[in-house]
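> Next comes the structure file target.txt, holding compact mmCIF, C-alpha atoms.
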# COMPACT_ATOMS: atom_id res chain seq x y z
CA MET A 25 21.20 -13.69 -23.00
CA LEU A 26 20.51 -14.97 -26.51
CA LYS A 27 20.80 -11.44 -27.93
CA PHE A 28 24.23 -11.11 -26.32
CA ILE A 29 25.45 -14.35 -27.88
CA LYS A 30 23.84 -13.62 -31.24
CA HIS A 31 25.44 -10.16 -31.32
CA ASN A 32 28.91 -11.61 -30.69
CA LEU A 33 28.51 -14.38 -33.24
CA GLU A 34 27.38 -12.02 -36.01
CA GLY A 35 30.87 -10.57 -36.19
CA ILE A 36 32.50 -13.92 -37.03
CA ASP A 37 32.85 -14.75 -40.72
CA GLY A 38 31.67 -18.24 -41.62
CA VAL A 39 30.02 -18.89 -38.25
CA GLU A 40 27.04 -20.60 -39.88
CA ILE A 41 29.18 -23.67 -40.66
CA TYR A 42 29.68 -24.57 -36.96
CA PRO A 43 26.14 -25.87 -36.30
CA ILE A 44 26.35 -27.97 -39.47
CA ILE A 45 29.70 -29.43 -38.41
CA SER A 46 28.33 -30.15 -34.93
CA LEU A 47 25.29 -31.95 -36.34
CA LEU A 48 27.41 -34.02 -38.73
CA LEU A 49 29.82 -34.93 -35.94
CA PHE A 50 26.93 -36.00 -33.68
CA PHE A 51 25.35 -38.19 -36.34
CA THR A 52 28.71 -39.70 -37.31
CA VAL A 53 29.39 -40.76 -33.72
CA PHE A 54 25.79 -41.95 -33.26
CA ILE A 55 25.76 -44.05 -36.44
CA THR A 56 29.24 -45.43 -35.66
CA MET A 57 28.06 -46.58 -32.24
CA ILE A 58 24.94 -48.20 -33.73
CA ILE A 59 27.09 -50.11 -36.24
CA PHE A 60 29.56 -51.12 -33.50
CA VAL A 61 26.79 -52.47 -31.25
CA TYR A 62 25.07 -54.20 -34.15
CA LYS A 63 28.28 -56.04 -35.13
CA LEU A 64 29.11 -57.02 -31.54
CA PRO A 65 28.75 -60.79 -31.08
CA LYS A 66 25.64 -61.89 -29.16
CA LYS A 67 27.76 -64.03 -26.83
CA SER A 68 29.75 -60.98 -25.77
CA ILE A 69 26.58 -59.00 -25.06
CA GLU A 70 25.10 -61.83 -22.98
CA GLU A 71 28.35 -62.23 -21.06
CA VAL A 72 28.54 -58.54 -20.17
CA SER A 73 24.84 -58.36 -19.28
CA GLN A 74 25.22 -61.18 -16.76
CA LEU A 75 28.24 -59.72 -14.96
CA PRO A 76 26.33 -57.92 -12.19
CA LEU A 77 24.29 -61.07 -11.52
CA ASP A 78 27.14 -63.57 -11.57
CA GLN A 79 27.43 -64.99 -8.04
CA ASP A 80 30.79 -66.72 -8.64
CA THR A 81 32.44 -63.48 -9.69
CA ASN A 82 31.04 -61.60 -6.69
CA ILE A 83 32.27 -64.28 -4.27
CA LYS A 84 35.77 -64.27 -5.82
CA GLU A 85 35.99 -60.49 -5.67
CA ASN A 86 34.86 -60.39 -2.03
CA SER A 87 37.39 -63.04 -0.99
CA HIS A 88 40.26 -60.93 -2.39
CA HIS A 89 39.28 -57.91 -0.32
CA GLU A 90 39.37 -59.75 3.03
Would you mind writing the file out in structure tokens?

Amino acid sequence: MLKFIKHNLEGIDGVEIYPIISLLLFFTVFITMIIFVYKLPKKSIEEVSQLPLDQDTNIKENSHHE
């Protein structure tokens, strides 16, 4: 299978740039997400982390469905 793919890719000029672009794109998104999470306020993180455990929210949601 790899020989089949390698044979097809050898005919494309400049194909060696695609893995480099993919790696740079991955690291750009990864680093951006790390910076975004790092700058997120602690209060917001605590609020979101408690959502599944919040009894008041669950009771309000269940009363709307009845």
> Work out how far apart atom CA of Lys30 of chain A and atom CA of Tyr42 of chain A are and give it in Å to one decimal.
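Between atom CA of Lys30 of chain A and atom CA of Tyr42 of chain A the gap is 13.7 Å.
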> In Å, with one decimal, what is the gap from atom CA of Thr52 of chain A to atom CA of Pro65 of chain A?
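Pair atom CA of Thr52 of chain A / atom CA of Pro65 of chain A returns 22.0 Å.
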> Please measure the separation of atom CA of Ser73 of chain A and atom CA of Phe60 of chain A, giving the value in Å to one decimal.
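Separating atom CA of Ser73 of chain A from atom CA of Phe60 of chain A is a distance of 16.6 Å.
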> Step by step, gather every atom of segment 60-69 of chain A that the file lists, find the box along x, y and z that holds them, add 3 Å on each side, and finally give centre and edge lengths in Å to one decimal, as AutoDock Vina command-line options.

--center_x 27.4 --center_y -57.6 --center_z -30.1 --size_x 10.7 --size_y 18.9 --size_z 16.1
